[in-house]
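Participant: query_6.txt is reproduced in full below (compact mmCIF, N, CA and C atoms).
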```txt
# COMPACT_ATOMS: atom_id res chain seq x y z
N MET A 2 15.11 -23.39 -154.10
CA MET A 2 14.42 -22.31 -153.45
C MET A 2 14.76 -22.30 -151.98
N SER A 3 14.91 -21.16 -151.49
CA SER A 3 15.21 -21.03 -150.07
C SER A 3 13.98 -20.53 -149.33
N ASP A 4 14.05 -20.58 -148.04
CA ASP A 4 12.94 -20.14 -147.20
C ASP A 4 12.80 -18.62 -147.17
N LYS A 5 13.79 -17.91 -147.70
CA LYS A 5 13.73 -16.45 -147.64
C LYS A 5 12.60 -15.89 -148.50
N GLY A 6 12.26 -16.56 -149.58
CA GLY A 6 11.23 -16.07 -150.47
C GLY A 6 9.82 -16.34 -149.98
N LYS A 7 9.65 -17.24 -149.03
CA LYS A 7 8.33 -17.57 -148.51
C LYS A 7 7.94 -16.65 -147.36
N VAL A 8 6.71 -16.25 -147.36
CA VAL A 8 6.21 -15.41 -146.27
C VAL A 8 5.46 -16.31 -145.29
N ARG A 9 5.86 -16.24 -144.10
CA ARG A 9 5.19 -17.05 -143.08
C ARG A 9 4.00 -16.29 -142.54
N ARG A 10 2.91 -17.01 -142.42
CA ARG A 10 1.70 -16.39 -141.88
C ARG A 10 1.56 -16.82 -140.43
N ARG A 11 1.19 -15.89 -139.66
CA ARG A 11 0.95 -16.19 -138.25
C ARG A 11 -0.53 -16.45 -138.05
N LYS A 12 -0.81 -17.41 -137.22
CA LYS A 12 -2.20 -17.69 -136.88
C LYS A 12 -2.61 -16.77 -135.74
N THR A 13 -3.78 -16.24 -135.85
CA THR A 13 -4.28 -15.35 -134.82
C THR A 13 -4.91 -16.18 -133.71
N VAL A 14 -4.48 -15.93 -132.52
CA VAL A 14 -5.01 -16.65 -131.35
C VAL A 14 -5.57 -15.60 -130.40
N ILE A 15 -6.80 -15.83 -130.01
CA ILE A 15 -7.44 -14.91 -129.07
C ILE A 15 -7.23 -15.47 -127.67
N VAL A 16 -6.63 -14.68 -126.84
CA VAL A 16 -6.38 -15.10 -125.48
C VAL A 16 -7.18 -14.18 -124.56
N LEU A 17 -8.04 -14.78 -123.77
CA LEU A 17 -8.82 -14.00 -122.81
C LEU A 17 -8.07 -13.91 -121.51
N SER A 18 -8.06 -12.75 -120.95
CA SER A 18 -7.46 -12.63 -119.63
C SER A 18 -8.34 -13.38 -118.64
N GLU A 19 -7.81 -13.64 -117.46
CA GLU A 19 -8.58 -14.39 -116.47
C GLU A 19 -9.86 -13.66 -116.08
N GLY A 20 -9.80 -12.34 -116.01
CA GLY A 20 -10.98 -11.56 -115.66
C GLY A 20 -12.07 -11.65 -116.71
N LEU A 21 -11.67 -11.55 -118.00
CA LEU A 21 -12.66 -11.67 -119.07
C LEU A 21 -13.24 -13.07 -119.12
N TYR A 22 -12.38 -14.06 -118.91
CA TYR A 22 -12.83 -15.45 -118.90
C TYR A 22 -13.90 -15.65 -117.82
N ARG A 23 -13.64 -15.16 -116.64
CA ARG A 23 -14.60 -15.32 -115.54
C ARG A 23 -15.91 -14.58 -115.84
N ARG A 24 -15.80 -13.36 -116.35
CA ARG A 24 -17.00 -12.59 -116.65
C ARG A 24 -17.87 -13.29 -117.69
N PHE A 25 -17.21 -13.79 -118.74
CA PHE A 25 -17.95 -14.46 -119.81
C PHE A 25 -18.68 -15.69 -119.28
N TYR A 26 -17.97 -16.56 -118.58
CA TYR A 26 -18.58 -17.80 -118.12
C TYR A 26 -19.51 -17.60 -116.93
N MET A 27 -19.26 -16.60 -116.12
CA MET A 27 -20.17 -16.34 -115.00
C MET A 27 -21.50 -15.80 -115.51
N LYS A 28 -21.46 -14.97 -116.57
CA LYS A 28 -22.72 -14.47 -117.14
C LYS A 28 -23.53 -15.61 -117.73
N TRP A 29 -22.86 -16.51 -118.44
CA TRP A 29 -23.56 -17.67 -119.00
C TRP A 29 -24.06 -18.58 -117.89
N GLY A 30 -23.27 -18.73 -116.85
CA GLY A 30 -23.67 -19.60 -115.74
C GLY A 30 -24.92 -19.10 -115.05
N VAL A 31 -25.09 -17.78 -114.99
CA VAL A 31 -26.28 -17.21 -114.35
C VAL A 31 -27.53 -17.60 -115.11
N TRP A 32 -27.44 -17.75 -116.43
CA TRP A 32 -28.61 -18.10 -117.24
C TRP A 32 -28.74 -19.60 -117.47
N VAL A 33 -27.63 -20.27 -117.65
CA VAL A 33 -27.68 -21.69 -118.01
C VAL A 33 -27.98 -22.57 -116.80
N LEU A 34 -27.42 -22.26 -115.65
CA LEU A 34 -27.61 -23.10 -114.46
C LEU A 34 -29.07 -23.21 -114.04
N PRO A 35 -29.82 -22.10 -113.92
CA PRO A 35 -31.24 -22.25 -113.56
C PRO A 35 -32.04 -23.05 -114.58
N VAL A 36 -31.73 -22.86 -115.86
CA VAL A 36 -32.44 -23.61 -116.90
C VAL A 36 -32.12 -25.10 -116.77
N ALA A 37 -30.86 -25.42 -116.53
CA ALA A 37 -30.48 -26.83 -116.37
C ALA A 37 -31.14 -27.44 -115.14
N LEU A 38 -31.19 -26.69 -114.06
CA LEU A 38 -31.84 -27.21 -112.85
C LEU A 38 -33.34 -27.40 -113.06
N THR A 39 -33.95 -26.48 -113.79
CA THR A 39 -35.37 -26.60 -114.08
C THR A 39 -35.64 -27.82 -114.94
N MET A 40 -34.81 -28.02 -115.95
CA MET A 40 -35.00 -29.16 -116.85
C MET A 40 -34.77 -30.49 -116.12
N SER A 41 -33.86 -30.50 -115.14
CA SER A 41 -33.58 -31.76 -114.44
C SER A 41 -34.62 -32.05 -113.37
N GLY A 42 -35.55 -31.14 -113.13
CA GLY A 42 -36.53 -31.31 -112.08
C GLY A 42 -37.78 -32.03 -112.52
N CYS A 43 -37.73 -32.82 -113.56
CA CYS A 43 -38.90 -33.48 -114.11
C CYS A 43 -39.04 -34.92 -113.63
N ALA A 44 -38.55 -35.22 -112.46
CA ALA A 44 -38.65 -36.59 -111.94
C ALA A 44 -40.06 -36.84 -111.42
N THR A 45 -40.51 -38.07 -111.59
CA THR A 45 -41.82 -38.46 -111.07
C THR A 45 -41.62 -39.31 -109.82
N VAL A 46 -42.72 -39.60 -109.15
CA VAL A 46 -42.66 -40.43 -107.94
C VAL A 46 -42.10 -41.80 -108.27
N SER A 47 -42.51 -42.37 -109.40
CA SER A 47 -42.00 -43.70 -109.76
C SER A 47 -40.50 -43.65 -110.08
N ASP A 48 -40.03 -42.55 -110.67
CA ASP A 48 -38.58 -42.39 -110.92
C ASP A 48 -37.81 -42.35 -109.61
N ILE A 49 -38.34 -41.61 -108.66
CA ILE A 49 -37.66 -41.49 -107.36
C ILE A 49 -37.68 -42.83 -106.63
N ASN A 50 -38.79 -43.56 -106.71
CA ASN A 50 -38.88 -44.87 -106.04
C ASN A 50 -37.90 -45.88 -106.60
N GLU A 51 -37.47 -45.71 -107.85
CA GLU A 51 -36.52 -46.64 -108.45
C GLU A 51 -35.10 -46.44 -107.95
N THR A 52 -34.82 -45.29 -107.32
CA THR A 52 -33.49 -45.06 -106.77
C THR A 52 -33.34 -45.84 -105.46
N LEU A 53 -32.12 -46.10 -105.08
CA LEU A 53 -31.87 -46.78 -103.81
C LEU A 53 -32.27 -45.86 -102.66
N PRO A 54 -32.78 -46.43 -101.56
CA PRO A 54 -33.15 -45.57 -100.43
C PRO A 54 -31.92 -44.92 -99.82
N THR A 55 -32.05 -43.64 -99.47
CA THR A 55 -30.96 -42.95 -98.79
C THR A 55 -31.05 -43.15 -97.28
N MET A 56 -32.18 -43.65 -96.81
CA MET A 56 -32.36 -43.95 -95.40
C MET A 56 -33.34 -45.10 -95.27
N SER A 57 -33.00 -46.06 -94.42
CA SER A 57 -33.89 -47.19 -94.16
C SER A 57 -33.79 -47.50 -92.67
N VAL A 58 -34.85 -47.17 -91.93
CA VAL A 58 -34.81 -47.30 -90.47
C VAL A 58 -36.12 -47.89 -89.94
N ILE A 59 -36.11 -48.23 -88.66
CA ILE A 59 -37.30 -48.72 -87.98
C ILE A 59 -37.62 -47.76 -86.85
N SER A 60 -38.88 -47.43 -86.71
CA SER A 60 -39.32 -46.51 -85.66
C SER A 60 -40.36 -47.19 -84.79
N GLY A 61 -40.46 -46.73 -83.55
CA GLY A 61 -41.47 -47.24 -82.64
C GLY A 61 -42.84 -46.62 -82.88
N LYS A 62 -42.90 -45.59 -83.74
CA LYS A 62 -44.17 -44.93 -84.03
C LYS A 62 -44.93 -45.69 -85.10
N LYS A 63 -46.24 -45.58 -85.06
CA LYS A 63 -47.08 -46.14 -86.11
C LYS A 63 -46.95 -45.26 -87.37
N PRO A 64 -47.25 -45.81 -88.55
CA PRO A 64 -47.07 -45.04 -89.79
C PRO A 64 -47.76 -43.67 -89.81
N HIS A 65 -49.00 -43.59 -89.34
CA HIS A 65 -49.70 -42.30 -89.36
C HIS A 65 -49.08 -41.30 -88.39
N GLU A 66 -48.57 -41.77 -87.25
CA GLU A 66 -47.90 -40.88 -86.30
C GLU A 66 -46.61 -40.32 -86.91
N TYR A 67 -45.85 -41.20 -87.55
CA TYR A 67 -44.60 -40.76 -88.18
C TYR A 67 -44.88 -39.77 -89.32
N ALA A 68 -45.88 -40.06 -90.13
CA ALA A 68 -46.25 -39.17 -91.23
C ALA A 68 -46.70 -37.81 -90.70
N GLN A 69 -47.45 -37.79 -89.62
CA GLN A 69 -47.89 -36.53 -89.03
C GLN A 69 -46.70 -35.71 -88.53
N CYS A 70 -45.73 -36.38 -87.94
CA CYS A 70 -44.52 -35.71 -87.49
C CYS A 70 -43.78 -35.07 -88.67
N LEU A 71 -43.68 -35.80 -89.78
CA LEU A 71 -43.03 -35.25 -90.98
C LEU A 71 -43.76 -34.02 -91.50
N VAL A 72 -45.07 -34.09 -91.53
CA VAL A 72 -45.88 -32.96 -92.02
C VAL A 72 -45.62 -31.73 -91.16
N GLU A 73 -45.55 -31.90 -89.86
CA GLU A 73 -45.30 -30.78 -88.96
C GLU A 73 -43.89 -30.21 -89.13
N LYS A 74 -42.89 -31.08 -89.25
CA LYS A 74 -41.50 -30.63 -89.34
C LYS A 74 -41.21 -29.95 -90.68
N LEU A 75 -41.82 -30.41 -91.76
CA LEU A 75 -41.52 -29.88 -93.09
C LEU A 75 -42.51 -28.84 -93.59
N ALA A 76 -43.49 -28.47 -92.78
CA ALA A 76 -44.53 -27.53 -93.22
C ALA A 76 -43.95 -26.18 -93.62
N ASP A 77 -42.98 -25.67 -92.87
CA ASP A 77 -42.42 -24.35 -93.17
C ASP A 77 -41.52 -24.35 -94.40
N SER A 78 -40.71 -25.38 -94.55
CA SER A 78 -39.73 -25.36 -95.65
C SER A 78 -40.26 -25.96 -96.95
N ARG A 79 -41.25 -26.84 -96.89
CA ARG A 79 -41.69 -27.54 -98.10
C ARG A 79 -43.16 -27.34 -98.46
N GLY A 80 -43.93 -26.78 -97.60
CA GLY A 80 -45.35 -26.61 -97.91
C GLY A 80 -46.14 -27.89 -97.63
N ALA A 81 -47.22 -28.10 -98.37
CA ALA A 81 -48.12 -29.22 -98.12
C ALA A 81 -47.53 -30.52 -98.67
N LEU A 82 -47.42 -31.51 -97.81
CA LEU A 82 -46.97 -32.84 -98.20
C LEU A 82 -48.18 -33.69 -98.57
N GLN A 83 -48.01 -34.62 -99.50
CA GLN A 83 -49.09 -35.53 -99.86
C GLN A 83 -48.93 -36.81 -99.05
N VAL A 84 -49.97 -37.18 -98.33
CA VAL A 84 -49.98 -38.42 -97.56
C VAL A 84 -51.06 -39.31 -98.17
N GLU A 85 -50.66 -40.52 -98.59
CA GLU A 85 -51.61 -41.43 -99.23
C GLU A 85 -51.38 -42.86 -98.75
N PRO A 86 -52.41 -43.68 -98.77
CA PRO A 86 -52.26 -45.08 -98.36
C PRO A 86 -51.26 -45.81 -99.27
N TYR A 87 -50.47 -46.69 -98.66
CA TYR A 87 -49.47 -47.44 -99.41
C TYR A 87 -49.22 -48.77 -98.72
N LYS A 88 -49.48 -49.85 -99.42
CA LYS A 88 -49.32 -51.21 -98.87
C LYS A 88 -49.97 -51.29 -97.50
N SER A 89 -49.18 -51.58 -96.46
CA SER A 89 -49.76 -51.70 -95.11
C SER A 89 -49.50 -50.44 -94.29
N GLY A 90 -49.25 -49.33 -94.93
CA GLY A 90 -48.96 -48.09 -94.21
C GLY A 90 -49.33 -46.88 -95.04
N VAL A 91 -48.41 -45.91 -95.11
CA VAL A 91 -48.64 -44.69 -95.88
C VAL A 91 -47.40 -44.33 -96.69
N ARG A 92 -47.63 -43.53 -97.71
CA ARG A 92 -46.54 -42.96 -98.50
C ARG A 92 -46.65 -41.46 -98.40
N VAL A 93 -45.53 -40.80 -98.11
CA VAL A 93 -45.51 -39.35 -97.99
C VAL A 93 -44.65 -38.81 -99.13
N ILE A 94 -45.23 -37.91 -99.93
CA ILE A 94 -44.53 -37.30 -101.05
C ILE A 94 -44.18 -35.87 -100.68
N VAL A 95 -42.89 -35.57 -100.68
CA VAL A 95 -42.40 -34.25 -100.29
C VAL A 95 -42.13 -33.44 -101.56
N PRO A 96 -42.73 -32.24 -101.68
CA PRO A 96 -42.51 -31.43 -102.89
C PRO A 96 -41.14 -30.76 -102.87
N GLN A 97 -40.69 -30.35 -104.06
CA GLN A 97 -39.46 -29.57 -104.16
C GLN A 97 -39.69 -28.19 -103.57
N LYS A 98 -38.61 -27.49 -103.28
CA LYS A 98 -38.76 -26.16 -102.70
C LYS A 98 -39.24 -25.13 -103.71
N LEU A 99 -38.79 -25.24 -104.96
CA LEU A 99 -39.09 -24.19 -105.94
C LEU A 99 -40.07 -24.60 -107.03
N SER A 100 -40.48 -25.86 -107.04
CA SER A 100 -41.45 -26.29 -108.06
C SER A 100 -42.39 -27.32 -107.45
N ALA A 101 -43.36 -27.74 -108.23
CA ALA A 101 -44.39 -28.64 -107.70
C ALA A 101 -43.99 -30.12 -107.77
N GLY A 102 -42.91 -30.44 -108.46
CA GLY A 102 -42.49 -31.84 -108.59
C GLY A 102 -42.03 -32.43 -107.28
N PRO A 103 -42.00 -33.76 -107.18
CA PRO A 103 -41.58 -34.40 -105.94
C PRO A 103 -40.06 -34.33 -105.74
N ALA A 104 -39.65 -34.13 -104.50
CA ALA A 104 -38.23 -34.11 -104.14
C ALA A 104 -37.84 -35.38 -103.41
N ALA A 105 -38.79 -35.94 -102.66
CA ALA A 105 -38.50 -37.14 -101.88
C ALA A 105 -39.79 -37.92 -101.66
N VAL A 106 -39.62 -39.22 -101.42
CA VAL A 106 -40.76 -40.09 -101.14
C VAL A 106 -40.42 -40.96 -99.93
N PHE A 107 -41.30 -40.92 -98.95
CA PHE A 107 -41.18 -41.79 -97.78
C PHE A 107 -42.14 -42.96 -97.95
N GLU A 108 -41.65 -44.17 -97.78
CA GLU A 108 -42.51 -45.36 -97.74
C GLU A 108 -42.50 -45.82 -96.29
N ILE A 109 -43.64 -45.70 -95.64
CA ILE A 109 -43.75 -46.02 -94.21
C ILE A 109 -44.71 -47.19 -94.08
N GLU A 110 -44.17 -48.35 -93.72
CA GLU A 110 -44.99 -49.56 -93.62
C GLU A 110 -45.17 -49.97 -92.17
N ASP A 111 -46.33 -50.52 -91.89
CA ASP A 111 -46.69 -50.94 -90.54
C ASP A 111 -45.92 -52.21 -90.16
N ARG A 112 -45.44 -52.24 -88.93
CA ARG A 112 -44.80 -53.42 -88.35
C ARG A 112 -45.46 -53.69 -87.01
N SER A 113 -45.20 -54.84 -86.44
CA SER A 113 -45.84 -55.19 -85.18
C SER A 113 -45.45 -54.24 -84.05
N SER A 114 -44.24 -53.72 -84.07
CA SER A 114 -43.80 -52.84 -82.98
C SER A 114 -43.54 -51.41 -83.45
N GLY A 115 -44.18 -50.98 -84.51
CA GLY A 115 -43.98 -49.63 -85.00
C GLY A 115 -44.07 -49.56 -86.51
N SER A 116 -43.01 -49.05 -87.14
CA SER A 116 -43.04 -48.94 -88.61
C SER A 116 -41.62 -49.01 -89.17
N SER A 117 -41.55 -49.44 -90.43
CA SER A 117 -40.28 -49.39 -91.16
C SER A 117 -40.38 -48.25 -92.15
N ILE A 118 -39.30 -47.48 -92.25
CA ILE A 118 -39.31 -46.26 -93.04
C ILE A 118 -38.19 -46.32 -94.06
N LYS A 119 -38.54 -46.02 -95.31
CA LYS A 119 -37.54 -45.90 -96.38
C LYS A 119 -37.71 -44.52 -97.00
N LEU A 120 -36.59 -43.83 -97.14
CA LEU A 120 -36.59 -42.50 -97.75
C LEU A 120 -35.88 -42.60 -99.10
N HIS A 121 -36.57 -42.19 -100.16
CA HIS A 121 -36.00 -42.10 -101.49
C HIS A 121 -35.95 -40.62 -101.86
N GLU A 122 -34.78 -40.14 -102.29
CA GLU A 122 -34.63 -38.72 -102.64
C GLU A 122 -34.30 -38.56 -104.11
N ARG A 123 -34.77 -37.47 -104.68
CA ARG A 123 -34.54 -37.18 -106.10
C ARG A 123 -33.06 -36.92 -106.36
N LEU A 124 -32.41 -36.17 -105.53
CA LEU A 124 -31.00 -35.83 -105.70
C LEU A 124 -30.14 -36.67 -104.75
N SER A 125 -30.36 -37.96 -104.75
CA SER A 125 -29.68 -38.82 -103.77
C SER A 125 -28.18 -38.88 -103.96
N ASN A 126 -27.67 -38.61 -105.16
CA ASN A 126 -26.23 -38.68 -105.38
C ASN A 126 -25.56 -37.32 -105.38
N VAL A 127 -26.27 -36.27 -104.99
CA VAL A 127 -25.70 -34.92 -104.93
C VAL A 127 -25.41 -34.59 -103.47
N PRO A 128 -24.14 -34.42 -103.12
CA PRO A 128 -23.81 -34.18 -101.71
C PRO A 128 -24.29 -32.84 -101.18
N LEU A 129 -24.56 -31.86 -102.05
CA LEU A 129 -24.97 -30.54 -101.60
C LEU A 129 -26.47 -30.33 -101.64
N ARG A 130 -27.24 -31.40 -101.58
CA ARG A 130 -28.70 -31.28 -101.62
C ARG A 130 -29.21 -30.73 -100.28
N PRO A 131 -30.41 -30.17 -100.26
CA PRO A 131 -30.97 -29.68 -98.99
C PRO A 131 -31.15 -30.84 -98.00
N TRP A 132 -30.82 -30.59 -96.76
CA TRP A 132 -30.88 -31.63 -95.73
C TRP A 132 -32.10 -31.54 -94.85
N ASP A 133 -33.04 -30.65 -95.15
CA ASP A 133 -34.20 -30.51 -94.29
C ASP A 133 -35.05 -31.77 -94.24
N VAL A 134 -35.15 -32.49 -95.35
CA VAL A 134 -35.95 -33.72 -95.39
C VAL A 134 -35.31 -34.79 -94.53
N ARG A 135 -34.00 -34.97 -94.69
CA ARG A 135 -33.31 -36.00 -93.91
C ARG A 135 -33.30 -35.65 -92.42
N ASN A 136 -33.12 -34.39 -92.10
CA ASN A 136 -33.14 -33.98 -90.68
C ASN A 136 -34.51 -34.24 -90.06
N ALA A 137 -35.58 -33.93 -90.79
CA ALA A 137 -36.93 -34.19 -90.28
C ALA A 137 -37.15 -35.68 -90.10
N ALA A 138 -36.66 -36.48 -91.06
CA ALA A 138 -36.82 -37.93 -90.96
C ALA A 138 -36.13 -38.48 -89.72
N THR A 139 -34.95 -37.99 -89.45
CA THR A 139 -34.18 -38.43 -88.28
C THR A 139 -34.85 -37.99 -86.98
N GLU A 140 -35.32 -36.75 -86.94
CA GLU A 140 -35.95 -36.22 -85.72
C GLU A 140 -37.26 -36.96 -85.40
N CYS A 141 -37.97 -37.43 -86.41
CA CYS A 141 -39.26 -38.07 -86.20
C CYS A 141 -39.14 -39.55 -85.82
N ILE A 142 -37.98 -40.14 -85.91
CA ILE A 142 -37.84 -41.57 -85.62
C ILE A 142 -38.29 -41.89 -84.20
N SER A 143 -37.75 -41.16 -83.23
CA SER A 143 -38.10 -41.49 -81.84
C SER A 143 -38.76 -40.32 -81.12
N GLY A 144 -38.53 -39.12 -81.58
CA GLY A 144 -38.98 -37.94 -80.85
C GLY A 144 -40.35 -37.56 -81.17
```
Is it possible to express this structure as structure tokens?
Facilitator:
Amino acid sequence: MSDKGKVRRRKTVIVLSEGLYRRFYMKWGVWVLPVALTMSGCATVSDINETLPTMSVISGKKPHEYAQCLVEKLADSRGALQVEPYKSGVRVIVPQKLSAGPAAVFEIEDRSSGSSIKLHERLSNVPLRPWDVRNAATECISG
């Protein structure tokens, strides 16, 4: 038998142009990305405390003074911060911008000449996270 008697079948391949590809995935991205971000926002304070601190500094201010400075600096962008007693100082819980869950936790402990401050952030390994919390933390160290 020769190959002349056999009919070759072609496989159908669907090829999307670059424009169709972008439209398809951009439409899905508009719906999937917010859902994924919402689902990933379920971190608790204890989950955030288990991450390594993104900032660890010493300030000349007492813990309550430093916490008050944070409350003032973050009032516009984050709303009401929770300030609660913690060890020999205070703990400040910073809410997320779009939901009620915590975004960052400050552990501010009393020292003889001021306070030691540790900042734990929920998105500590994401380089494009909002920097308002870190900027406020830096501004409140001495100013």
Participant: Between A:Ala138, A:Leu124, A:Gly61, A:Tyr87, single out the one closest to Pro103 in chain A, counting all atoms listed in the file.
Facilitator: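 With all atoms listed in the file as the atom set, the closest residue is A:Leu124.
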Participant: From the options A:Asn50, A:Ser57, A:Thr139, A:Ser89, which residue's atoms come nearest to Ile109 in chain A, counting only N, CA and C atoms?
Facilitator: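 Smallest separation from Ile109 in chain A among the options: A:Ser89.
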Participant: Take the point (-37.2, -45.4, -86.4) in the file's coordinates, draw a sphere of radius 6.5 Å around it, and report as a list in words every protein, DNA or RNA residue with an atom inside or on it, counting only N, CA and C atoms.
Facilitator: Val58, Ile59, Ser60, Gly61, Lys62, Ser116, Cys141, Ile142 and Ser143 of chain A
Participant: So, counting only C-alpha atoms, which residue among A:Arg112, A:Lys88, A:Arg123, A:His65 is closest to Thr52 in chain A?
Facilitator: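 Using only C-alpha atoms, the shortest distance to Thr52 in chain A belongs to A:Arg123.
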Participant: Restricting the calculation to only C-alpha atoms: of A:Arg135, A:Arg92, A:Lys74, A:Arg130, which residue gets closest to Asp111 in chain A?
Facilitator: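 Of A:Arg135, A:Arg92, A:Lys74, A:Arg130, the one nearest Asp111 in chain A is A:Arg92, counting only C-alpha atoms.
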Participant: With only C-alpha atoms as the counted atoms, please give the residues lying no more than 9 Å from Leu99 in chain A, apart from itself and same-chain residues fewer than 3 positions off, as a PDB file with N, CA and C atoms, in the coordinates of the input.
Facilitator:
```
ATOM      1  N   ARG A  79     -41.250 -26.840 -96.890  1.00  0.00           N
ATOM      2  CA  ARG A  79     -41.690 -27.540 -98.100  1.00  0.00           C
ATOM      3  C   ARG A  79     -43.160 -27.340 -98.460  1.00  0.00           C
ATOM      4  N   PRO A  96     -42.730 -32.240-101.680  1.00  0.00           N
ATOM      5  CA  PRO A  96     -42.510 -31.430-102.890  1.00  0.00           C
ATOM      6  C   PRO A  96     -41.140 -30.760-102.870  1.00  0.00           C
ATOM      7  N   GLY A 102     -42.910 -30.440-108.460  1.00  0.00           N
ATOM      8  CA  GLY A 102     -42.490 -31.840-108.590  1.00  0.00           C
ATOM      9  C   GLY A 102     -42.030 -32.430-107.280  1.00  0.00           C
TER      10      GLY A 102
END
```
Participant: To one decimal in Å, tell me the separation between CA of Ser117 in chain A and CA of Cys43 in chain A.
Facilitator: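 Between CA of Ser117 in chain A and CA of Cys43 in chain A the gap is 28.0 Å.
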Participant: I'd like to know which of A:Ile94, A:Val46, A:Lys63, A:Asp77 is closest to Ser113 in chain A, using only C-alpha atoms.
Facilitator: A:Lys63
Participant: Rank A:Glu73, A:Glu66, A:Glu51, A:Glu85 by their smallest atom-to-atom distance to Val134 in chain A, using only C-alpha atoms, and report the top residue only.
Facilitator: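 Smallest separation from Val134 in chain A among the options: A:Glu73.
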Participant: Could you work out an axis-aligned bounding box for all listed atoms of range 92-110 of chain A, with 3 Å added on each of the six sides, and give its centre and edge lengths in Å to one decimal, as JSON?
Facilitator:
```
{"center_x": -42.7, "center_y": -37.1, "center_z": -100.4, "size_x": 15.8, "size_y": 31.8, "size_z": 22.4}
```
